[in-house]
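Some notes on the structure that comes next.
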Amino acid sequence: MNRKKIVAGNWKMNKTLSEAIELMSGILKNPGDNSVTKIVFPPYPVISAITNFVGASGSFSTGAQNCSEHASGAFTGEVSAAIIKSIGCKYVLVGHSERRQYFGETNAISSKKIKLALENKLNVIYCIGETLAERKANTHFDVVKTQLTEALQGIDPTNIIIAYEPVWAIGTGETATQAQAQEMHAHIRVCLKNLFNSDVANNTPILYGGSCNAQNAAELFACPDIDGGLIGGASLKADDFCKIIRSF
Ligand code: PGA
């Protein structure tokens, strides 16, 4: 078993064009070695500029934070997987908890997005994770299982990466403990085994996200079932992000 190590920066709705270029040039000063797959997810309008900017270095890939559940057509303000692919992106995030919480994205909608992304030869980072209320009610394992089952059933999992992001840890400064994260990542592998097979369970990268930062990344990445991180706040500071990339 030789899973990829991955660090991805989700810039969310931050960074104007000039700020984005400044951040990316800071990151490229210290990009780490090629044993880690490194991805940034800028806001839609600046993805092209960042893709071109990192293009020559070859050390970073870019992705979109979302894509439409529709293939094309009259959906004002939406962006399709085909358009995302056409500007040189390799990745797309699907099912981020902020999409679920603020934009009503369900597992069924995530499933449609994943299918379109894969048809367009994008790699998908599918985000899952329970709310605080669900953890307190002790339903977190079931919630995650349902998120996986409803979105991934019948899908070819080859180009899927999972990001476990407990909602209570996102942007709150409260990180899952090593034990909580490892326990859930191991559970996700069991779900993948039941949904697909042991090879898929063993080979699918599973990233942790939720207040992962330059201080705690190393202890999280040391867990046997954690293959890297999906980083929000700390990916907006070049030095912190570069330190996280070096945390394996
Ligand atoms: P955070 O966000 O690192 O700021 O908690 C992670 C994410 O939402 O992907």
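Please note that chains go A, B, ... in the order of the structure tokens, that every chain numbers its residues from 1, and that ligands are numbered from 1 in the order shown.
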
Practice prompt. Write out as a ChimeraX atom specification which residues come within 6 Å of A:Lys243 when counting only C-alpha atoms, dropping same-chain ones fewer than 3 positions away.
Written response: /A:214,240,246

Report as a PyMOL selection string which protein, DNA and RNA residues come within 9 Å of ligand 1, using only C-alpha atoms and all ligand atoms. chain A and resi 8-12+96-98+127+163+165+167-175+208-213+229-235

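Distances here use only C-alpha atoms; by that measure, the residue among A:Leu118, A:Leu23, A:Met184, A:Ile161 closest to A:Arg135 is A:Met184.
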
Who sits within 10 Å of A:Phe53, only C-alpha atoms, same chain under 5 positions skipped, as a PDB file with N, CA and C atoms, in the first residue's frame:
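Dumped to around_20.pdb:
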ATOM      1  N   ILE A  21      -2.103  36.106  -6.544  1.00  0.00           N
ATOM      2  CA  ILE A  21      -0.769  35.952  -7.158  1.00  0.00           C
ATOM      3  C   ILE A  21       0.312  36.121  -6.086  1.00  0.00           C
ATOM      4  N   MET A  24       0.418  32.975  -4.009  1.00  0.00           N
ATOM      5  CA  MET A  24       1.009  31.846  -4.734  1.00  0.00           C
ATOM      6  C   MET A  24       2.499  32.039  -4.909  1.00  0.00           C
ATOM      7  N   SER A  25       2.951  33.281  -5.142  1.00  0.00           N
ATOM      8  CA  SER A  25       4.406  33.449  -5.266  1.00  0.00           C
ATOM      9  C   SER A  25       5.088  33.173  -3.949  1.00  0.00           C
ATOM     10  N   LEU A  28       5.337  29.398  -3.702  1.00  0.00           N
ATOM     11  CA  LEU A  28       6.295  28.800  -4.643  1.00  0.00           C
ATOM     12  C   LEU A  28       7.749  29.046  -4.240  1.00  0.00           C
ATOM     13  N   ILE A  47      -8.756  31.286 -10.944  1.00  0.00           N
ATOM     14  CA  ILE A  47      -8.135  29.959 -11.137  1.00  0.00           C
ATOM     15  C   ILE A  47      -7.194  29.963 -12.344  1.00  0.00           C
ATOM     16  N   SER A  48      -7.662  30.535 -13.447  1.00  0.00           N
ATOM     17  CA  SER A  48      -6.834  30.518 -14.665  1.00  0.00           C
ATOM     18  C   SER A  48      -5.494  31.191 -14.437  1.00  0.00           C
ATOM     19  N   GLY A  58       5.282  23.261 -12.339  1.00  0.00           N
ATOM     20  CA  GLY A  58       4.825  21.870 -12.352  1.00  0.00           C
ATOM     21  C   GLY A  58       4.646  21.270 -10.971  1.00  0.00           C
ATOM     22  N   PHE A  60       2.586  22.392  -8.485  1.00  0.00           N
ATOM     23  CA  PHE A  60       1.237  22.522  -7.923  1.00  0.00           C
ATOM     24  C   PHE A  60       0.184  22.276  -8.992  1.00  0.00           C
TER      25      PHE A  60
END

Stretch 115-182 of chain A: which residues are helix (DSSP H, G or I) by DSSP, as a PyMOL selection string? chain A and resi 115-119+132-136+140-152+157-159+167-169+178-182

Export of prior selection with N, CA, C and O atoms as a compact mmCIF listing (two decimals), in the first residue's frame:
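Output contents, as saved in again.txt:
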# COMPACT_ATOMS: atom_id res chain seq x y z
N LYS A 115 -20.30 12.61 -10.70
CA LYS A 115 -20.39 11.93 -12.01
C LYS A 115 -19.92 12.84 -13.13
O LYS A 115 -19.13 12.44 -13.99
N LEU A 116 -20.40 14.08 -13.12
CA LEU A 116 -20.01 15.02 -14.19
C LEU A 116 -18.51 15.32 -14.13
O LEU A 116 -17.84 15.42 -15.15
N ALA A 117 -17.99 15.48 -12.91
CA ALA A 117 -16.56 15.76 -12.77
C ALA A 117 -15.73 14.60 -13.33
O ALA A 117 -14.78 14.82 -14.09
N LEU A 118 -16.12 13.38 -13.00
CA LEU A 118 -15.35 12.22 -13.47
C LEU A 118 -15.47 12.07 -14.99
O LEU A 118 -14.49 11.76 -15.66
N GLU A 119 -16.68 12.32 -15.51
CA GLU A 119 -16.85 12.25 -16.98
C GLU A 119 -15.93 13.24 -17.67
O GLU A 119 -15.50 13.02 -18.80
N LEU A 132 -21.67 19.17 15.00
CA LEU A 132 -21.46 18.97 16.44
C LEU A 132 -22.66 18.21 17.05
O LEU A 132 -22.48 17.29 17.85
N ALA A 133 -23.86 18.60 16.61
CA ALA A 133 -25.07 17.94 17.16
C ALA A 133 -25.05 16.45 16.83
O ALA A 133 -25.41 15.61 17.67
N GLU A 134 -24.61 16.12 15.62
CA GLU A 134 -24.56 14.70 15.23
C GLU A 134 -23.52 13.94 16.04
O GLU A 134 -23.74 12.79 16.44
N ARG A 135 -22.40 14.59 16.32
CA ARG A 135 -21.39 13.91 17.15
C ARG A 135 -21.92 13.73 18.57
O ARG A 135 -21.78 12.65 19.16
N LYS A 136 -22.55 14.78 19.09
CA LYS A 136 -23.08 14.67 20.47
C LYS A 136 -24.14 13.59 20.56
O LYS A 136 -24.28 12.93 21.60
N HIS A 140 -22.34 10.18 14.44
CA HIS A 140 -21.33 10.62 13.45
C HIS A 140 -20.87 9.52 12.51
O HIS A 140 -20.66 9.77 11.33
N PHE A 141 -20.75 8.31 13.00
CA PHE A 141 -20.31 7.22 12.10
C PHE A 141 -21.37 6.94 11.03
O PHE A 141 -21.06 6.71 9.87
N ASP A 142 -22.63 6.96 11.44
CA ASP A 142 -23.72 6.71 10.48
C ASP A 142 -23.84 7.84 9.46
O ASP A 142 -24.10 7.60 8.28
N VAL A 143 -23.68 9.08 9.95
CA VAL A 143 -23.80 10.23 9.05
C VAL A 143 -22.76 10.12 7.92
O VAL A 143 -23.07 10.27 6.73
N VAL A 144 -21.54 9.83 8.31
CA VAL A 144 -20.45 9.73 7.34
C VAL A 144 -20.69 8.55 6.38
O VAL A 144 -20.48 8.66 5.16
N LYS A 145 -21.17 7.46 6.93
CA LYS A 145 -21.47 6.29 6.08
C LYS A 145 -22.53 6.65 5.03
O LYS A 145 -22.40 6.31 3.84
N THR A 146 -23.57 7.36 5.46
CA THR A 146 -24.63 7.76 4.53
C THR A 146 -24.09 8.73 3.48
O THR A 146 -24.43 8.63 2.29
N GLN A 147 -23.25 9.67 3.91
CA GLN A 147 -22.68 10.63 2.95
C GLN A 147 -21.88 9.89 1.87
O GLN A 147 -21.93 10.23 0.69
N LEU A 148 -21.15 8.87 2.29
CA LEU A 148 -20.36 8.08 1.34
C LEU A 148 -21.27 7.26 0.44
O LEU A 148 -21.15 7.27 -0.79
N THR A 149 -22.21 6.55 1.05
CA THR A 149 -23.05 5.62 0.29
C THR A 149 -23.90 6.37 -0.72
O THR A 149 -23.94 6.01 -1.91
N GLU A 150 -24.58 7.41 -0.26
CA GLU A 150 -25.52 8.09 -1.16
C GLU A 150 -24.82 8.83 -2.31
O GLU A 150 -25.39 9.00 -3.38
N ALA A 151 -23.60 9.26 -2.09
CA ALA A 151 -22.93 10.00 -3.17
C ALA A 151 -22.08 9.10 -4.06
O ALA A 151 -21.87 9.43 -5.23
N LEU A 152 -21.58 8.01 -3.53
CA LEU A 152 -20.59 7.23 -4.30
C LEU A 152 -21.10 5.92 -4.89
O LEU A 152 -20.41 5.30 -5.70
N PRO A 157 -14.57 4.62 -8.30
CA PRO A 157 -13.87 5.38 -7.26
C PRO A 157 -12.40 5.69 -7.57
O PRO A 157 -11.71 6.30 -6.76
N THR A 158 -11.93 5.34 -8.78
CA THR A 158 -10.49 5.46 -9.07
C THR A 158 -9.94 6.87 -8.82
O THR A 158 -8.86 7.03 -8.28
N ASN A 159 -10.67 7.86 -9.25
CA ASN A 159 -10.14 9.23 -9.14
C ASN A 159 -10.80 10.04 -8.03
O ASN A 159 -10.91 11.26 -8.12
N VAL A 167 -17.66 19.22 10.82
CA VAL A 167 -18.15 20.59 10.66
C VAL A 167 -17.78 21.45 11.87
O VAL A 167 -17.45 22.63 11.74
N TRP A 168 -17.78 20.82 13.05
CA TRP A 168 -17.46 21.56 14.28
C TRP A 168 -15.99 21.99 14.35
O TRP A 168 -15.62 22.80 15.20
N ALA A 169 -15.17 21.47 13.45
CA ALA A 169 -13.75 21.83 13.47
C ALA A 169 -13.39 22.84 12.38
O ALA A 169 -12.30 23.40 12.39
N GLN A 178 -6.06 13.58 17.47
CA GLN A 178 -5.47 12.50 16.67
C GLN A 178 -6.37 11.27 16.72
O GLN A 178 -6.66 10.65 15.70
N ALA A 179 -6.83 10.93 17.93
CA ALA A 179 -7.63 9.72 18.11
C ALA A 179 -8.98 9.82 17.39
O ALA A 179 -9.42 8.88 16.73
N GLN A 180 -9.63 10.99 17.51
CA GLN A 180 -10.93 11.17 16.84
C GLN A 180 -10.77 11.08 15.32
O GLN A 180 -11.59 10.45 14.64
N ALA A 181 -9.73 11.72 14.80
CA ALA A 181 -9.54 11.73 13.35
C ALA A 181 -9.18 10.33 12.85
O ALA A 181 -9.79 9.83 11.91
N GLN A 182 -8.24 9.68 13.52
CA GLN A 182 -7.83 8.34 13.09
C GLN A 182 -9.01 7.36 13.13
O GLN A 182 -9.21 6.57 12.21

Return as a compact mmCIF listing (two decimals) with C-alpha atoms, in the first residue's frame the full set of residues in stretch 17-148 of chain A whose backbone-based DSSP assignment is strand (DSSP E).
# COMPACT_ATOMS: atom_id res chain seq x y z
CA VAL A 36 3.61 15.37 -1.79
CA THR A 37 0.78 16.15 -4.23
CA LYS A 38 0.02 19.84 -3.76
CA ILE A 39 -3.18 21.50 -4.87
CA VAL A 40 -4.70 24.96 -4.44
CA PHE A 41 -8.37 25.81 -4.83
CA PHE A 60 1.24 22.52 -7.92
CA SER A 61 -2.10 21.61 -9.44
CA THR A 62 -5.22 23.72 -9.28
CA GLY A 63 -8.82 22.91 -8.66
CA ALA A 64 -12.26 24.48 -8.35
CA TYR A 91 -9.35 18.75 -9.31
CA VAL A 92 -12.73 19.78 -7.98
CA LEU A 93 -14.09 19.86 -4.43
CA VAL A 94 -17.56 18.39 -4.03
CA ASN A 123 -10.16 14.24 -9.85
CA VAL A 124 -12.71 14.72 -7.09
CA ILE A 125 -12.12 15.56 -3.45
CA TYR A 126 -15.41 14.55 -1.89
CA CYS A 127 -15.92 16.24 1.50
CA ILE A 128 -17.85 14.61 4.31

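Of the residues under consideration (A:Gly95, A:Ala176, A:Phe75, A:Ser35), A:Ser35 shows the shortest atom-to-atom contact distance to A:Arg3 when counting only C-alpha atoms.
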
Point to revise | Spatial neighbours of A:Phe196, max dist 10 Å, only C-alpha atoms, sep filter under 3 positions, as JSON, numbers by chain | key: {"A": [152, 153, 154, 155, 156, 157, 190, 191, 192, 193, 199, 200, 201]}

Prev. selection, C-alpha atoms, output as a CSV table (one decimal), in the first residue's frame:
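What landed in result_12.csv:
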chain,number,residue,atom,x,y,z
A,152,LEU,CA,-20.6,7.2,-4.3
A,153,GLN,CA,-22.8,4.2,-5.0
A,154,GLY,CA,-22.4,3.1,-8.6
A,155,ILE,CA,-19.4,5.5,-9.2
A,156,ASP,CA,-16.0,4.5,-10.3
A,157,PRO,CA,-13.9,5.4,-7.3
A,190,VAL,CA,-14.4,0.2,6.3
A,191,CYS,CA,-17.3,2.0,4.5
A,192,LEU,CA,-15.2,2.1,1.3
A,193,LYS,CA,-14.5,-1.6,1.6
A,199,ASP,CA,-8.3,-2.4,-2.8
A,200,VAL,CA,-10.4,0.7,-3.0
A,201,ALA,CA,-10.4,1.0,0.8

Using only C-alpha atoms, the shortest atom-to-atom distance to A:His187 among A:Lys85, A:Ile226, A:Ala49, A:Ser59 belongs to A:Ile226

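Atom CA of A:Asn30 to atom CA of A:Ile245 spans 9.6 Å [interatomic distance, one decimal].
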
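We find atom CA of A:Ile50 and atom CA of A:Ala81 to be spaced 17.9 Å apart.
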
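Residue nearest A:Cys89, chosen from A:Leu220, A:Ala108, A:Cys67, A:Ala74 and counting only C-alpha atoms: A:Cys67.
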